[in-house]
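Engineer: Take a look at the following structure, please.
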Amino acid sequence: MKTVRVLIVDDHRLFRSGVRAELGPSIQVIGEAEDVESAVTAIGELQPDVVLLDVHMPGGGGQEVLRRVLGSGSQVRFLALSVSDAAEDVIGVIRGGARGYVTKTISGAELTDAIIRVSEGDAVFSPRLAGFVLDAFASTEAPPIDPELDSLTQREREVLRLIARGYAYKEIAKELFISVKTVETHVSSVLRKLQLSNRHELSRWATARRLV
Amino acid sequence: MLPEMSEMPNAPAAYPRMVRPASGRVVAGVAQGAAAQLRLDPVVLRLAFVLLTVVDGLGVVAYAALWMFTPKEEVKGREPAREWGQLAAYGVLWLALAGFAWMTGASSGGFGTWPIAVGGIGALILWQQADPGRRQRWMSGAVKQVSTTWVRTGIGALLVVVGAIGFLAASGELAKARTGLVFTAVVVGGMLMIAAPWLASLVKELQRERTERIRQEERAEVAAHVHDSVLHTLTLIQRNAHDAREVARLARSQERELRNWLYQPKQDADATLAAAVRRVAAEEEDAHGVQIEVVCVGDCELNEGLVALLQAARQAMVNACKYSGAPVVSVYAEVEPDEVTVFVRDRGKGFVLDDVPGDRMGIRQSIIGRMERNGGSARVRTEPGDGTEVMLTMKREQ
C-alpha cells in the first residue's frame, strides 16, 4: 500500500506533534507549518498529497491558505481539521475548497482513514458537517437557480442522514444496499454541490445561524 | 471652502477658541474668525453683518460686541494690510441696501428688533466663549447627524421668512398685536436653532454611552464565564489529576459547555427541540461519562408530544451509555415539516430484543410505550455485536 504524504498546518505545536504521533503507518508526515505564509511556502515546495488544515490561524486562517494555493491552480487536496463547530467555519472552509471537515476530537484511526479517503479524491463528512449540509439545503425558500447544483437528490439526502446518524461509509452501503464506492460518489457529489452552488443562502445561512 | 483657514498659523484641526485673524481681514477679522468657527464661508457672515446693519444698525452692534470679546490672533512680523477692495465692495453693497430699505421703510424695525439683537449677540458670544471641546461636540453632533444640515437650512430659511414678514408687518402698520407674536416665534425659533446642535449631541452622547455600556457588560460576561467555568474546571482537573476518568469527564463536560456557549445559537432548552436534545445529551454524558455526539437538523417549538419524545430519547441514551459498552453514542434529531425524528445509535454490544425480560421497563415502557401513548412510534434495531439504534418518530401538530 502506497503511503500518503501529509503536511500538517496548525498554529499549535503540541497539537501538531499529537497528530503526528497518532497517525497510522500508511501516513507519512513530510512537514509542518504554523501559519498562512509558511503553509503556502511548504505546500509549494513539498507538494504533499494531503494537507491537514487548521481553520483558525494567524494571518487569515485556513480559508486564506485555500484561496492562495487553490487559486494558483494547485491540485493539492485539503482536509480541514478544527476545534470549531461553527457552521460559518465548516461551510466556509468547504466552500473554500477543502475536501472534508473533521473536528479535532477525532480518533487517530478515524483521522488516518479520513486522510486516505481524501488522498483518493473522495470527500470526508463528519456527522456534524452532514447535519449542516442537510440544514442548509433544507432551509431554502427561494426556488433553486440551478436545480442541478442547488438541491440534493433523494439518495444524497439519505446518505447524508445516515452520516449524521453516525454511520460509517461501509455501514451506509449495507443499509442502502449499495457499494461503498457508490456512497463515496454520492458524498463527492454533495461536496461538489456545496462548493459550486451559487445559492447565496448557503453562506448566509451559515452566518445567520450564529446570530439567532 | 475656507481658504483663510490654511493661512492661520495657530489653527489646529480641532475647534480652537475663536480669534480674529489678521491676514485677509476686511475690518477687524471678526467675520472671518466667526466663519472659521462655524465652518462657513466668511462672505456669508460678512453679508449677514451688512444686512443686519441695514436693519437699525444691528450688524454694527453685533460686530462691535464680537470685536470686543474676541482676542486678536498673534501675527509674527509685519501685520498684513486690510483688504480695502473688499471693504469698499461691502460698503457699496451696504449703501445700496440701506437706500433700498430707506425707500421701502423696511429698516425701521422699532423696538421689536432690539430683543432679537440682544438675544442674537448673546448667543453669538456664548458660542464664542464656550469651552472649545464642548463646542466641538455641539458642532460634530449637529454635523454628523445625517441631513441635520438640511433641517437647519430649512429652519434658517423659515426664520428669515418669518422675520421678513415681521418687519414688513411692523413697518406697514399692520395689526400691531400680531408683531409681538411673530417676534416671540422668531426668538423661540432662534433659541431652538441654538439648542439644536446641543440636543443632537446629547442624543448622540447617550447612544455612545449605551453602546459602551453594552460592550462593557459583554466583556464582563465573558470574564465571568471564563472564571466560573473554565478556571473552575481547570482547578478541579488539577485536584483530580490522579483520576484519569474523572479528568476526562471534567474536560469533556467543560469542552461541551464552552462549545455550546461559543458556537450554538442562544436557545432556550425549555422551549425548542434542538436545545432540549443537546441538554438531555449533555446531562447523560455527564452522568455516565460516555461521549454523546449530537447533530440537529432544523428546530421547532416543544410541545407535549415532543417532551415525551425527549424523555424516550433520554432513556435510549441512558441504555446506550450504561449497557452498550461503546465509547461514543450518536444522537441525530431532525425536524421535518410533518414529523420529528430522533435517532440514538451506538456501536456497542447490541442485544436480542426478544430476550429482554418483560419486567425490564427501559425499552418496552419508557421508550416504546411512552411513544405510542403520545401518538408517536419507536423502533429498536439491534443485533448482538452490531450495536443498537433506537428510532423515535413523532408527528407534528399543525
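If you're wondering about the labels, chains in the C-alpha cells are A, B, ... by order shown, residues count from 1 in each chain, ligands from 1 in order shown.
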Taking only C-alpha atoms into account, find every residue of chain A that has an atom no more than 10 Å from chain B, and write it out as number ranges by chain.
Structural biologist: A: 83-88, 127-136, 138-139, 161-167, 208-212
Engineer: Just want the 12 Å neighbourhood of Arg16 in chain A, counted on only C-alpha atoms, with same-chain residues fewer than 6 positions away dropped. Output as a PyMOL selection string.
Structural biologist: chain A and resi 6-10+22-23+29+31-34+52-54+81+104
Engineer: Take the residues that were just selected and, keeping C-alpha atoms, output them as a compact mmCIF listing (two decimals), in the first residue's frame.
Structural biologist:
# COMPACT_ATOMS: atom_id res chain seq x y z
CA VAL A 6 0.86 14.70 4.58
CA LEU A 7 1.62 18.25 5.62
CA ILE A 8 0.21 19.39 8.97
CA VAL A 9 -0.79 23.04 9.17
CA ASP A 10 -1.71 24.19 12.66
CA GLU A 22 -1.49 9.30 16.31
CA LEU A 23 -1.44 8.76 12.58
CA VAL A 29 4.14 13.35 7.71
CA GLY A 31 6.34 18.63 7.11
CA GLU A 32 4.59 21.08 9.39
CA ALA A 33 3.59 24.70 9.05
CA GLU A 34 2.28 27.09 11.65
CA LEU A 52 -4.28 18.77 7.19
CA LEU A 53 -5.51 22.30 7.57
CA ASP A 54 -6.44 24.15 10.74
CA LEU A 81 -9.31 19.89 10.99
CA LYS A 104 -10.01 17.65 16.45
Engineer: Give me, as a list of chain:residue names, the residues of range 83-113 of chain A that a backbone DSSP run labels strand (DSSP E).
Structural biologist: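 Everything in range 83-113 of chain A that counts as strand (DSSP E) is A:Gly100, A:Tyr101, A:Val102, A:Thr103.
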Engineer: With N, CA and C atoms retained, export the selected residues as a short mmCIF file (atom, residue, chain, number, x, y, z; two decimals), in the first residue's frame.
Structural biologist:
data_model
loop_
_atom_site.label_atom_id
_atom_site.label_comp_id
_atom_site.auth_asym_id
_atom_site.auth_seq_id
_atom_site.Cartn_x
_atom_site.Cartn_y
_atom_site.Cartn_z
N GLY A 100 -12.92 17.90 2.94
CA GLY A 100 -13.53 17.28 4.10
C GLY A 100 -13.34 18.14 5.32
N TYR A 101 -14.10 17.81 6.35
CA TYR A 101 -14.02 18.57 7.59
C TYR A 101 -14.20 17.61 8.75
N VAL A 102 -13.20 17.55 9.61
CA VAL A 102 -13.34 16.73 10.81
C VAL A 102 -12.95 17.57 12.01
N THR A 103 -13.51 17.25 13.16
CA THR A 103 -13.14 18.01 14.36
C THR A 103 -11.96 17.33 15.04
#
Engineer: Give me the residues near range 23-35 of chain B as a list in words, where near means some atom within 7 Å (using only C-alpha atoms) and where sequence neighbours in that chain fewer than 6 positions away do not count.
Structural biologist: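 Near range 23-35 of chain B, the qualifying residues are Asp41, Pro42, Leu45, Arg46, Tyr63, Leu66, Trp67, Pro80, Arg82, Glu83, Trp84, Gln86 and Leu87 of chain B.
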Engineer: Write out as number ranges by chain which residues come within 9 Å of Val65 in chain A when counting only C-alpha atoms, dropping same-chain ones fewer than 3 positions away.
Structural biologist: A: 35-37, 39-40, 53, 60-62, 68-70
Engineer: From a DSSP pass on the backbone, collect the residues of range 83-119 of chain A flagged as helix (DSSP H, G or I) and hand them back as a PyMOL selection string.
Structural biologist: chain A and resi 87-95+108-119
Engineer: Can you spit out the residues from that selection as a compact mmCIF listing (two decimals), in the first residue's frame, using C-alpha atoms?
Structural biologist:
# COMPACT_ATOMS: atom_id res chain seq x y z
CA ALA A 87 -21.41 26.46 10.77
CA GLU A 88 -19.67 29.52 9.38
CA ASP A 89 -16.27 27.87 9.69
CA VAL A 90 -17.37 24.46 8.47
CA ILE A 91 -19.29 25.65 5.43
CA GLY A 92 -16.73 28.40 4.76
CA VAL A 93 -13.74 26.10 4.57
CA ILE A 94 -15.59 23.52 2.46
CA ARG A 95 -16.70 26.20 0.04
CA GLY A 108 -6.21 8.64 15.31
CA ALA A 109 -7.62 5.68 13.39
CA GLU A 110 -10.53 7.70 12.03
CA LEU A 111 -8.22 10.53 11.05
CA THR A 112 -5.92 8.12 9.22
CA ASP A 113 -8.95 6.77 7.42
CA ALA A 114 -10.14 10.26 6.52
CA ILE A 115 -6.71 11.26 5.17
CA ILE A 116 -6.54 8.19 2.94
CA ARG A 117 -10.03 8.86 1.69
CA VAL A 118 -9.22 12.47 0.83
CA SER A 119 -5.97 11.43 -0.85
Engineer: Env of range 273-282 of chain B: 7 Å cut, atoms = only C-alpha atoms, seq-sep filter 2 positions within chain, self excluded. Answer as a short mmCIF file (atom, residue, chain, number, x, y, z; two decimals) with C-alpha atoms, in the first residue's frame.
Structural biologist:
data_model
loop_
_atom_site.label_atom_id
_atom_site.label_comp_id
_atom_site.auth_asym_id
_atom_site.auth_seq_id
_atom_site.Cartn_x
_atom_site.Cartn_y
_atom_site.Cartn_z
CA GLN B 267 -31.66 28.89 22.55
CA ASP B 268 -33.99 28.16 25.34
CA ALA B 269 -33.69 24.49 26.31
CA ASP B 270 -37.20 24.63 27.76
CA ALA B 271 -38.71 25.93 24.56
CA GLU B 284 -26.50 11.93 30.34
CA GLU B 285 -22.95 12.41 29.11
CA ASP B 286 -22.03 13.87 32.46
CA ILE B 292 -22.62 11.69 23.15
CA VAL B 294 -25.42 15.38 18.88
CA CYS B 296 -29.59 18.52 14.94
CA ASP B 299 -35.72 23.10 15.01
CA CYS B 300 -39.20 23.67 16.36
CA GLU B 301 -41.10 24.62 19.47
CA LEU B 302 -41.55 21.95 22.12
CA LEU B 310 -37.36 13.74 24.60
CA ARG B 314 -33.14 10.23 27.19
#
Engineer: Counting only C-alpha atoms, what is within 10 Å of range 178-180 of chain A, bar same-chain residues fewer than 6 positions away, as a list in words?
Structural biologist: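 Neighbouring residues, sequence-local ones excluded: Ala168, Tyr169, Lys170, Glu171, Ile172 and His186 of chain A.
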Engineer: In Å, rounded to a single decimal, give me how far CA of Thr3 in chain A is from CA of Ser17 in chain A.
Structural biologist: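 Between CA of Ser17 in chain A and CA of Thr3 in chain A the gap is 19.0 Å.
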Engineer: Could you check the closest approach to Ser188 in chain A for each of A:Leu152, A:Ala123, A:Val51, A:Leu176 and tell me which residue wins, using only C-alpha atoms?
Structural biologist: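 With only C-alpha atoms as the atom set, the closest residue is A:Ala123.
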